[in-house]
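Structure file work.csv (CSV, C-alpha atoms) follows.
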chain,number,residue,atom,x,y,z
O,157,MET,CA,140.3,33.2,106.5
O,158,TYR,CA,136.8,34.4,105.8
O,159,PHE,CA,135.7,34.8,102.2
O,160,PRO,CA,132.3,35.0,100.4
O,161,ALA,CA,130.8,31.9,99.0
O,162,ALA,CA,128.4,32.0,96.1
O,163,ALA,CA,125.7,29.4,95.3
O,164,ASP,CA,126.3,29.7,91.6
O,165,ASN,CA,129.9,30.7,90.9
O,166,ILE,CA,130.5,29.8,87.3
O,167,HIS,CA,134.2,30.8,87.5
O,168,LEU,CA,134.8,28.5,90.5
O,169,LEU,CA,132.9,25.7,88.6
O,170,THR,CA,135.1,26.2,85.5
O,171,ALA,CA,138.3,26.0,87.6
O,172,THR,CA,137.2,22.9,89.6
O,173,THR,CA,136.1,21.2,86.4
O,174,ALA,CA,139.4,21.8,84.8
O,175,PHE,CA,141.6,20.9,87.8
O,176,GLY,CA,139.6,19.0,90.4
O,177,SER,CA,141.4,20.4,93.4
O,178,LEU,CA,142.2,24.1,93.7
O,179,ALA,CA,144.8,23.6,96.3
O,180,VAL,CA,147.9,25.9,95.7
O,181,PRO,CA,151.0,25.3,97.9
O,182,ALA,CA,152.9,28.3,99.2
O,183,SER,CA,155.8,27.4,96.9
O,184,ALA,CA,153.7,28.1,93.8
O,185,VAL,CA,153.2,31.8,94.8
O,186,SER,CA,156.6,32.4,96.5
O,187,GLY,CA,157.8,34.4,93.4
O,188,LEU,CA,155.1,37.0,94.0
O,189,ARG,CA,156.2,40.2,95.7
O,190,ASN,CA,152.8,41.9,95.6
O,191,LEU,CA,149.5,40.5,94.3
O,192,VAL,CA,147.3,43.5,93.8
O,193,LEU,CA,143.6,42.8,93.7
O,194,ILE,CA,141.4,45.5,92.3
O,195,CYS,CA,138.1,44.6,93.9
O,196,PHE,CA,135.4,45.9,91.7
O,197,THR,CA,131.8,45.8,90.4
O,198,ASN,CA,131.2,46.2,86.7
O,199,ARG,CA,131.2,49.8,85.2
O,200,SER,CA,133.1,51.2,88.2
O,201,GLY,CA,136.3,52.3,86.3
O,202,SER,CA,138.3,49.2,87.2
O,203,TRP,CA,139.9,48.9,83.7
O,204,LEU,CA,140.9,52.5,83.7
O,205,LEU,CA,142.6,52.1,87.0
O,206,ALA,CA,144.3,48.9,85.9
O,207,ASP,CA,145.6,50.5,82.7
O,208,LEU,CA,147.0,53.4,84.7
O,209,LEU,CA,148.8,51.1,87.1
O,210,GLN,CA,150.3,49.3,84.1
O,211,THR,CA,151.6,52.5,82.6
O,212,THR,CA,153.9,52.8,85.7
O,213,LYS,CA,155.8,49.7,84.4
O,214,GLN,CA,155.9,48.5,87.9
O,215,PHE,CA,153.0,46.0,87.5
O,216,ARG,CA,151.7,43.5,85.0
O,217,VAL,CA,148.0,43.6,84.7
O,218,LEU,CA,146.4,40.2,84.0
O,219,GLY,CA,142.9,41.5,84.1
O,220,GLU,CA,140.1,39.0,84.8
O,221,CYS,CA,142.2,35.9,84.1
O,222,LEU,CA,140.2,34.0,86.8
O,223,ASN,CA,137.1,34.3,84.7
O,224,GLY,CA,136.1,30.9,83.3
O,225,ASN,CA,136.2,32.1,79.7
O,226,GLU,CA,139.7,33.5,80.1
O,227,LEU,CA,141.1,30.8,82.3
O,228,ALA,CA,140.2,27.9,80.0
O,229,PRO,CA,142.2,29.1,76.9
O,230,ILE,CA,145.2,30.0,79.0
O,231,VAL,CA,145.2,26.5,80.5
O,232,GLN,CA,144.8,24.9,77.1
O,233,ALA,CA,147.5,26.9,75.4
O,234,ARG,CA,150.1,26.4,78.1
O,235,ARG,CA,149.1,22.8,78.9
O,236,ILE,CA,148.6,23.6,82.5
O,237,ARG,CA,147.5,20.7,84.6
O,238,SER,CA,146.7,22.2,88.0
O,239,PHE,CA,145.6,25.4,89.6
O,240,ALA,CA,149.0,25.6,91.3
O,241,GLY,CA,150.5,25.3,87.8
O,242,PHE,CA,148.3,28.2,86.7
O,243,PHE,CA,150.2,30.4,89.1
O,244,GLU,CA,153.6,28.8,88.6
O,245,GLN,CA,153.4,28.8,84.7
O,246,PHE,CA,151.3,31.9,84.1
O,247,VAL,CA,150.8,34.4,86.9
O,248,VAL,CA,154.3,34.4,88.5
O,249,PRO,CA,156.3,34.5,85.2
O,250,GLU,CA,154.1,37.4,83.9
O,251,ALA,CA,154.8,39.5,87.0
O,252,VAL,CA,157.0,42.7,86.8
O,253,ASP,CA,159.5,42.5,89.6
O,254,GLY,CA,157.1,40.1,91.4
O,255,ASN,CA,154.2,42.6,91.1
O,256,VAL,CA,151.0,41.6,89.3
O,257,VAL,CA,147.5,43.1,89.2
O,258,LEU,CA,144.3,41.0,89.0
O,259,LYS,CA,140.8,42.4,88.6
O,260,CYS,CA,138.9,40.7,91.4
O,261,ALA,CA,135.1,40.4,91.5
O,262,VAL,CA,133.4,38.7,94.5
O,263,PRO,CA,133.3,35.2,92.8
O,264,HIS,CA,137.1,35.5,92.3
O,265,LEU,CA,137.6,36.0,96.1
O,266,GLU,CA,136.1,32.6,96.6
O,267,ILE,CA,138.5,31.0,94.2
O,268,LEU,CA,141.5,32.7,95.8
O,269,GLY,CA,140.3,31.8,99.2
O,270,GLN,CA,139.6,28.2,98.6
O,271,SER,CA,142.9,27.7,96.9
O,272,GLY,CA,144.9,29.1,99.9
O,273,VAL,CA,146.5,31.8,97.8
O,274,LEU,CA,145.2,34.6,100.0
O,275,GLU,CA,146.5,33.0,103.2
O,276,HIS,CA,149.9,32.0,101.7
O,277,LEU,CA,150.5,35.6,100.5
O,278,GLY,CA,149.2,37.3,103.6
O,279,ASP,CA,150.2,41.0,103.6
O,280,ARG,CA,151.7,40.6,100.1
O,281,VAL,CA,148.1,40.8,98.8
O,282,ARG,CA,147.3,44.5,98.3
O,283,TYR,CA,143.6,45.3,98.1
O,284,VAL,CA,142.2,48.2,96.2
O,285,HIS,CA,138.4,48.6,96.4
O,286,ILE,CA,137.0,50.7,93.6
O,287,GLU,CA,133.4,51.9,93.8
O,288,ARG,CA,131.1,54.1,91.8
O,289,LEU,CA,129.1,56.3,94.1
O,290,ASP,CA,126.4,57.1,91.6
O,291,ARG,CA,124.8,53.6,91.6
O,292,LEU,CA,122.1,54.6,89.2
O,293,ALA,CA,124.5,55.9,86.6
O,294,GLN,CA,126.5,52.7,87.1
O,295,ALA,CA,123.5,50.5,86.5
O,296,ILE,CA,122.4,52.4,83.4
O,297,SER,CA,126.0,52.1,82.0
O,298,TRP,CA,125.8,48.3,82.7
O,299,GLU,CA,122.4,48.0,80.9
O,300,ILE,CA,123.7,49.9,77.8
O,301,ALA,CA,126.9,47.8,77.7
O,302,ALA,CA,124.9,44.6,78.1
O,303,GLN,CA,122.5,45.4,75.3
O,304,THR,CA,125.1,46.8,72.9
O,305,GLN,CA,128.0,44.6,73.9
O,306,HIS,CA,130.2,47.7,73.9
O,307,TRP,CA,132.0,46.9,77.1
O,308,SER,CA,135.0,49.1,76.3
O,309,SER,CA,136.1,51.9,74.0
O,310,HIS,CA,137.8,49.3,71.8
O,311,ARG,CA,134.4,48.0,70.7
O,312,ALA,CA,132.6,51.3,70.4
O,313,HIS,CA,133.0,51.3,66.6
O,314,LEU,CA,131.1,48.1,66.1
O,315,PRO,CA,127.4,48.2,65.1
O,316,ALA,CA,124.9,47.7,67.9
O,317,PRO,CA,121.2,47.8,68.5
O,318,GLU,CA,119.7,51.0,70.1
O,319,PRO,CA,119.5,50.3,73.8
O,320,VAL,CA,116.1,50.1,75.4
O,321,PHE,CA,115.2,51.6,78.8
O,322,ARG,CA,114.3,48.8,81.2
O,323,ARG,CA,113.4,50.2,84.7
O,324,GLU,CA,113.1,46.9,86.4
O,325,ALA,CA,116.4,45.6,85.0
O,326,ILE,CA,118.2,48.8,86.1
O,327,GLY,CA,116.7,48.4,89.6
O,328,ALA,CA,117.8,44.8,89.9
O,329,THR,CA,121.3,45.8,88.7
O,330,ILE,CA,121.5,48.5,91.5
O,331,GLU,CA,120.7,45.8,94.0
O,332,THR,CA,123.3,43.5,92.6
O,333,PHE,CA,126.1,46.1,92.8
O,334,ALA,CA,125.0,47.0,96.4
O,335,GLU,CA,125.2,43.4,97.4
O,336,CYS,CA,128.6,42.8,95.9
O,337,ASN,CA,130.0,45.9,97.6
O,338,ARG,CA,128.4,44.6,100.9
O,339,GLN,CA,130.2,41.3,100.4
O,340,PHE,CA,133.5,43.1,99.8
O,341,ASP,CA,133.0,45.1,103.0
O,342,GLN,CA,132.3,41.8,104.9
O,343,PHE,CA,135.4,40.3,103.5
O,344,PHE,CA,137.6,43.2,104.5
O,345,GLY,CA,135.9,43.5,107.9
O,346,HIS,CA,136.1,39.9,109.0
O,347,ASN,CA,139.7,39.6,108.0
O,348,GLY,CA,140.8,42.9,109.5
O,349,LEU,CA,141.8,44.4,106.1
O,350,VAL,CA,141.8,48.0,105.2
O,351,PRO,CA,141.8,48.4,101.4
O,352,HIS,CA,143.0,51.4,99.5
O,353,HIS,CA,139.7,53.0,98.4
O,354,VAL,CA,139.1,54.6,95.0
O,355,THR,CA,135.9,56.1,93.6
O,356,TYR,CA,135.0,56.2,90.0
O,357,GLU,CA,134.1,59.8,90.3
O,358,ALA,CA,137.5,60.9,91.6
O,359,LEU,CA,139.3,58.7,89.1
O,360,VAL,CA,137.7,60.2,86.0
O,361,GLN,CA,138.1,63.7,87.4
O,362,ASN,CA,141.8,63.3,88.0
O,363,PRO,CA,143.1,60.0,86.8
O,364,SER,CA,146.8,60.5,87.3
O,365,ALA,CA,146.5,61.8,90.9
O,366,VAL,CA,144.1,59.0,91.9
O,367,ALA,CA,146.3,56.3,90.3
O,368,GLU,CA,149.5,57.8,91.9
O,369,ALA,CA,147.8,57.7,95.3
O,370,ALA,CA,146.9,54.0,94.6
O,371,VAL,CA,150.6,53.2,93.7
O,372,ALA,CA,151.7,54.9,96.9
O,373,GLY,CA,149.2,52.8,98.9
O,374,ILE,CA,150.3,49.6,97.2
O,375,LEU,CA,154.1,50.2,97.2
O,376,PRO,CA,154.6,52.4,100.3
O,377,ALA,CA,158.4,52.3,99.9
O,378,GLY,CA,158.0,55.5,97.8
O,379,VAL,CA,158.9,54.3,94.3
O,380,GLY,CA,158.4,56.8,91.5
O,381,TRP,CA,155.1,57.3,89.6
O,382,ILE,CA,156.1,56.8,86.0
O,383,ARG,CA,159.2,54.8,85.4
O,384,ARG,CA,160.8,56.2,82.3
O,385,GLY,CA,163.3,54.7,80.0

Translate this file's structure into structure tokens.
Amino acid sequence: MYFPAAADNIHLLTATTAFGSLAVPASAVSGLRNLVLICFTNRSGSWLLADLLQTTKQFRVLGECLNGNELAPIVQARRIRSFAGFFEQFVVPEAVDGNVVLKCAVPHLEILGQSGVLEHLGDRVRYVHIERLDRLAQAISWEIAAQTQHWSSHRAHLPAPEPVFRREAIGATIETFAECNRQFDQFFGHNGLVPHHVTYEALVQNPSAVAEAAVAGILPAGVGWIRRG
């Protein structure tokens, strides 16, 4: 299976430092019915989409648990000794009816590819690719968040410095987002995958309708949108 490889993948380095081998046998992920990967670049609305999927009560969202700074404390708290154990002791037990959602940046694809998880699960991996069409607005949003550390509405009340306009930094960020989306396109194309596509602009205009369409694409059996009770 083709997957992107990064020269400096800090999340991969954290995982290999913690476990050595990343090999995950098929048995470790046999309890997953659907592994939903929200393939994203920063400031594209991925958290909004993830939160909406979780409100259906048909998924458990584990966010960016493959990030090195999130993986390490989970491993320590649960005394997990292998990457296979990470799935057996954390990911699978947290799933709702076997369904779990991970936010997946390009570096995370390399981890899931190297471990064998993507191949073991095959068509049980559901890909959602979210993009922000206004790349300039996305890059400016990233710059503001990076300077203020207000990455979500939960931190908006905290004091922060006034952001400074940096044209070159914004330009570099636009290039980074474009390259990441190009790598997602290569991943999908080389592996014959057709992801469910979501745009930030459509999501913020009509969150419920866009998220409902995503659920229908992920779970085509026609389950209801909001499970009540």

- Within 12 Å of stretch 241-246 of chain O using only C-alpha atoms, minus same-chain residues under 2 positions, as number ranges by chain: O: 171, 174-175, 177-188, 191, 216, 218, 221-222, 227-239, 248-251, 256, 268, 271, 273

- In terms of the shortest atom-to-atom distance over all atoms listed in the file, which of O:His276, O:Lys213, O:His285, O:His346 is closest to O:Val252?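 Of the candidates, the smallest distance to O:Val252 is held by O:Lys213.
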
- Query: Between O:Ala161, O:Cys195, O:Leu208, O:Ile267, which has the minimum distance to O:Val360 (counting only C-alpha atoms)?
  - Reply: O:Leu208

- Message: So, with all atoms listed in the file as the atoms that count, which of O:Thr304, O:Asn223, O:Ser200, O:Gln339 lies closest to O:Asp290?
- Response: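 When distances to O:Asp290 are compared using all atoms listed in the file, the smallest one comes from O:Ser200.
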
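Note that atom CA of O:Glu368 and atom CA of O:Thr212 are 9.1 Å apart.
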
- Item | Length of the atom CA of O:Glu331 to atom CA of O:Gly348 vector [Å] |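 Calculated distance between atom CA of O:Glu331 and atom CA of O:Gly348 is 25.5 Å.
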
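For the pair atom CA of O:Phe215 and atom CA of O:His167, the separation is 24.2 Å.
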
- Message: With distances taken over only C-alpha atoms, which residue among O:Gln303, O:Asn255, O:Asn225, O:Asn165 lies nearest O:Ala325?
- Response: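 Counting only C-alpha atoms, the residue closest to O:Ala325 is O:Gln303.
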